[in-house]
Amino acid sequence: MTTDASNRPKLGKVFLVGAGPGDPELLTLKAYRVLQAAEVVLYDRLVSPEIMTLLPESATQVYVGKRRADHSVPQTDIGQLLVDYALKGKFTVRLKGGDPFIFGRGGEELEQLAAAEIPFEVIPGITAASGCAASAGIPLTHRDYSQSVRFITGHLQDGSINLDWEALRSPNQTLVFYMGLVGLTTIAATMISMGRSPDTPLAVIEKGTTPQEKIHISSLANVEDLLATTVISAPTLIIIGDVVKLHALLAKS
Ligand code: SAH
């Protein structure tokens, strides 16, 4: 345990680190450096096993991951664990898939740290949308097709999907759904009923940037067929919009 002159443990710092979408080479250099110095690492289900191998053997690994609707460690307990390790003087890393500030609840954990006056730093990661889009050859914006991109969660706390459908009608925008597979049929049907063309292409990207990556191309009208005929496993990201047409040309060779 680190001690200062008064023999009290020195406060440890907490690093909230984005692990990116899976490919370990997509970690930032800063994240890599911090991982190698870690004494304690609290990590999620979405952090790839290859990234976990980069930790020093001496680091204590604490799994706090969750699946949909199965919260293995409640959110407030995760915040409290971070506070406790920092109070013990530990160099603590909170490692999350993608970017910690995009559907990562990073803000909530930092609020607990701030309230306990624990020093912290955020290291951004490549979010699933950027990683999957690059890997699939789907530019999220393109002057001919899309002037904006929205990151949307397809999963609400109470299990319902209650989005601003009116705002999603415009054809020249790209929609990226995180956690959207379960609600995809409803999302597609509602978008069509709100006036978005049934031919609007969409991509379902499974385990993007990992060796198990699969890209399924479909359209709003054909989503039900896709889901009925294909086994798709999590995590999956859904990109909807005309930019998906570019996949045929820009998919990596
Ligand atoms: N903070 C993360 C998102 C966490 S929410 C980020 O910035 O990427 C979890 C959702 O992210 C998953 O349900 C899925 O929609 C998406 N996701 C994360 N990694 C992914 C991957 N490798 N491939 C496809 N989708 C992924």
# chains A, B, ... in the order shown; residues from 1 in each chain; ligands from 1

call {"tool": "residues_near_ligand", "arguments": {"ligand": "ligand 1", "cutoff": "8 Å", "atoms": "only C-alpha atoms and all ligand atoms", "output": "ChimeraX atom specification"}}
result
/A:18,20-22,46,96-105,125-129,131-132,153,177-181,205-210,213,234-238

call {"tool": "write_last_selection", "arguments": {"atoms": "N, CA, C and O atoms", "output": "compact mmCIF listing (two decimals), in the first residue's frame"}}
result
# COMPACT_ATOMS: atom_id res chain seq x y z
N GLY A 18 -11.53 3.60 -22.10
CA GLY A 18 -12.27 2.98 -23.19
C GLY A 18 -11.39 1.92 -23.85
O GLY A 18 -10.26 2.20 -24.26
N GLY A 20 -12.23 0.25 -26.58
CA GLY A 20 -12.51 0.10 -28.00
C GLY A 20 -13.43 -1.08 -28.25
O GLY A 20 -13.86 -1.77 -27.31
N PRO A 21 -13.73 -1.35 -29.52
CA PRO A 21 -14.77 -2.33 -29.84
C PRO A 21 -14.32 -3.79 -29.81
O PRO A 21 -15.15 -4.68 -29.95
N GLY A 22 -13.05 -4.08 -29.65
CA GLY A 22 -12.65 -5.49 -29.58
C GLY A 22 -11.22 -5.71 -30.02
O GLY A 22 -10.42 -6.29 -29.30
N LEU A 46 -17.86 -6.66 -22.31
CA LEU A 46 -17.52 -6.30 -23.69
C LEU A 46 -16.02 -6.11 -23.93
O LEU A 46 -15.60 -5.92 -25.05
N LYS A 96 -13.86 -0.24 -19.91
CA LYS A 96 -15.17 -0.44 -20.53
C LYS A 96 -15.03 -0.63 -22.02
O LYS A 96 -14.15 -0.02 -22.65
N GLY A 97 -15.95 -1.40 -22.63
CA GLY A 97 -15.94 -1.56 -24.08
C GLY A 97 -16.19 -0.23 -24.77
O GLY A 97 -16.92 0.63 -24.25
N GLY A 98 -15.59 -0.04 -25.93
CA GLY A 98 -15.85 1.16 -26.73
C GLY A 98 -15.36 2.41 -26.04
O GLY A 98 -14.25 2.46 -25.52
N ASP A 99 -16.21 3.42 -26.01
CA ASP A 99 -15.90 4.67 -25.34
C ASP A 99 -16.73 4.76 -24.06
O ASP A 99 -17.93 4.48 -24.09
N PRO A 100 -16.09 5.14 -22.95
CA PRO A 100 -16.83 5.12 -21.68
C PRO A 100 -17.99 6.11 -21.60
O PRO A 100 -18.89 5.96 -20.79
N PHE A 101 -17.94 7.14 -22.46
CA PHE A 101 -18.99 8.16 -22.40
C PHE A 101 -20.08 7.95 -23.44
O PHE A 101 -20.94 8.80 -23.64
N ILE A 102 -20.04 6.82 -24.16
CA ILE A 102 -21.12 6.55 -25.11
C ILE A 102 -21.82 5.27 -24.66
O ILE A 102 -21.23 4.19 -24.73
N PHE A 103 -23.01 5.42 -24.15
CA PHE A 103 -23.79 4.31 -23.59
C PHE A 103 -22.94 3.45 -22.65
O PHE A 103 -23.05 2.22 -22.65
N GLY A 104 -22.09 4.11 -21.90
CA GLY A 104 -21.18 3.35 -21.03
C GLY A 104 -21.41 3.63 -19.55
O GLY A 104 -20.73 3.04 -18.72
N ARG A 105 -22.31 4.51 -19.24
CA ARG A 105 -22.60 4.88 -17.86
C ARG A 105 -21.37 5.40 -17.12
O ARG A 105 -21.31 5.39 -15.88
N GLY A 125 -12.20 5.93 -25.84
CA GLY A 125 -11.94 4.75 -26.67
C GLY A 125 -12.67 4.89 -27.99
O GLY A 125 -13.52 5.77 -28.15
N ILE A 126 -12.36 4.01 -28.91
CA ILE A 126 -13.08 4.01 -30.18
C ILE A 126 -14.42 3.35 -29.94
O ILE A 126 -14.50 2.20 -29.50
N THR A 127 -15.47 4.11 -30.21
CA THR A 127 -16.81 3.58 -29.94
C THR A 127 -17.19 2.56 -31.02
O THR A 127 -16.63 2.56 -32.13
N ALA A 128 -18.12 1.66 -30.66
CA ALA A 128 -18.51 0.59 -31.59
C ALA A 128 -18.91 1.15 -32.96
O ALA A 128 -18.59 0.56 -33.99
N ALA A 129 -19.59 2.30 -32.98
CA ALA A 129 -20.03 2.85 -34.26
C ALA A 129 -18.83 3.12 -35.17
O ALA A 129 -18.84 2.75 -36.36
N GLY A 131 -15.71 1.88 -34.90
CA GLY A 131 -14.97 0.65 -35.20
C GLY A 131 -15.70 -0.20 -36.24
O GLY A 131 -15.10 -0.66 -37.22
N CYS A 132 -17.00 -0.40 -36.03
CA CYS A 132 -17.78 -1.26 -36.94
C CYS A 132 -17.90 -0.61 -38.31
O CYS A 132 -17.81 -1.29 -39.35
N THR A 153 -29.79 4.46 -28.48
CA THR A 153 -29.91 3.16 -27.81
C THR A 153 -31.26 2.54 -28.19
O THR A 153 -32.29 3.20 -28.13
N PHE A 177 -27.81 2.23 -34.16
CA PHE A 177 -28.45 1.70 -32.95
C PHE A 177 -27.48 0.81 -32.20
O PHE A 177 -26.98 -0.19 -32.73
N TYR A 178 -27.24 1.18 -30.94
CA TYR A 178 -26.54 0.32 -30.00
C TYR A 178 -27.62 -0.49 -29.28
O TYR A 178 -28.71 0.03 -29.01
N MET A 179 -27.30 -1.72 -28.91
CA MET A 179 -28.24 -2.56 -28.16
C MET A 179 -29.59 -2.64 -28.86
O MET A 179 -30.65 -2.62 -28.22
N GLY A 180 -29.57 -2.74 -30.19
CA GLY A 180 -30.81 -2.61 -30.93
C GLY A 180 -31.37 -3.90 -31.50
O GLY A 180 -32.43 -3.89 -32.12
N LEU A 181 -30.65 -5.02 -31.31
CA LEU A 181 -31.08 -6.23 -32.02
C LEU A 181 -32.47 -6.71 -31.58
O LEU A 181 -33.31 -7.03 -32.43
N ILE A 205 -24.04 -5.48 -37.73
CA ILE A 205 -22.63 -5.88 -37.62
C ILE A 205 -22.44 -6.59 -36.28
O ILE A 205 -22.71 -6.03 -35.21
N GLU A 206 -22.01 -7.81 -36.42
CA GLU A 206 -21.92 -8.72 -35.27
C GLU A 206 -20.45 -8.80 -34.87
O GLU A 206 -19.58 -9.00 -35.74
N LYS A 207 -20.16 -8.59 -33.59
CA LYS A 207 -18.78 -8.70 -33.07
C LYS A 207 -17.78 -7.93 -33.93
O LYS A 207 -16.73 -8.45 -34.33
N GLY A 208 -18.14 -6.69 -34.23
CA GLY A 208 -17.32 -5.86 -35.11
C GLY A 208 -15.87 -5.72 -34.64
O GLY A 208 -15.63 -5.65 -33.44
N THR A 209 -14.96 -5.73 -35.57
CA THR A 209 -13.49 -5.58 -35.40
C THR A 209 -12.82 -6.80 -34.77
O THR A 209 -11.62 -6.76 -34.52
N THR A 210 -13.57 -7.85 -34.48
CA THR A 210 -12.95 -9.05 -33.91
C THR A 210 -12.82 -10.10 -35.03
O THR A 210 -13.42 -9.96 -36.09
N GLU A 213 -16.08 -11.28 -36.59
CA GLU A 213 -16.99 -10.28 -37.16
C GLU A 213 -17.83 -10.84 -38.31
O GLU A 213 -17.33 -11.57 -39.15
N ALA A 234 -24.60 -11.52 -30.10
CA ALA A 234 -24.20 -10.22 -29.54
C ALA A 234 -22.67 -10.17 -29.37
O ALA A 234 -22.04 -11.22 -29.28
N PRO A 235 -22.08 -8.99 -29.32
CA PRO A 235 -22.76 -7.70 -29.48
C PRO A 235 -22.98 -7.35 -30.95
O PRO A 235 -22.18 -7.73 -31.80
N THR A 236 -24.06 -6.67 -31.19
CA THR A 236 -24.35 -6.25 -32.57
C THR A 236 -24.68 -4.77 -32.62
O THR A 236 -25.33 -4.23 -31.73
N LEU A 237 -24.24 -4.17 -33.70
CA LEU A 237 -24.50 -2.75 -33.94
C LEU A 237 -25.28 -2.65 -35.24
O LEU A 237 -25.00 -3.38 -36.19
N ILE A 238 -26.25 -1.75 -35.27
CA ILE A 238 -27.09 -1.63 -36.47
C ILE A 238 -26.89 -0.24 -37.08
O ILE A 238 -26.99 0.77 -36.37

call {"tool": "residues_around", "arguments": {"residues": "A:Leu246", "least_positions_apart": "2", "cutoff": "10 Å", "atoms": "only C-alpha atoms", "output": "list in words"}}
result
Ala136, Gly137, Ile138, Pro139, His142, Tyr145, Asp242, Val243, Val244, Ala248, Leu249, Leu250 and Ala251 of chain A

call {"tool": "closest_residue", "arguments": {"among": "A:Ala114, A:Val93, A:Ile192, A:Leu163", "to": "A:Ser219", "atoms": "only C-alpha atoms"}}
result
A:Ile192

call {"tool": "residues_around", "arguments": {"residues": "A:Glu111", "least_positions_apart": "6", "cutoff": "12 Å", "atoms": "only C-alpha atoms", "output": "list in words"}}
result
Gln75, Thr76, Ile78, Gly79, Gln80, Leu82, Val83, Arg105, Glu117, Ile118, Pro119 and Phe120 of chain A

call {"tool": "closest_residue", "arguments": {"among": "A:Gln147, A:Thr28, A:Gln112, A:Gln212", "to": "A:Ser170", "atoms": "only C-alpha atoms"}}
result
A:Gln147

call {"tool": "closest_residue", "arguments": {"among": "A:Ser146, A:Gln61, A:Thr53, A:Gln36", "to": "A:Asn172", "atoms": "only C-alpha atoms"}}
result
A:Ser146
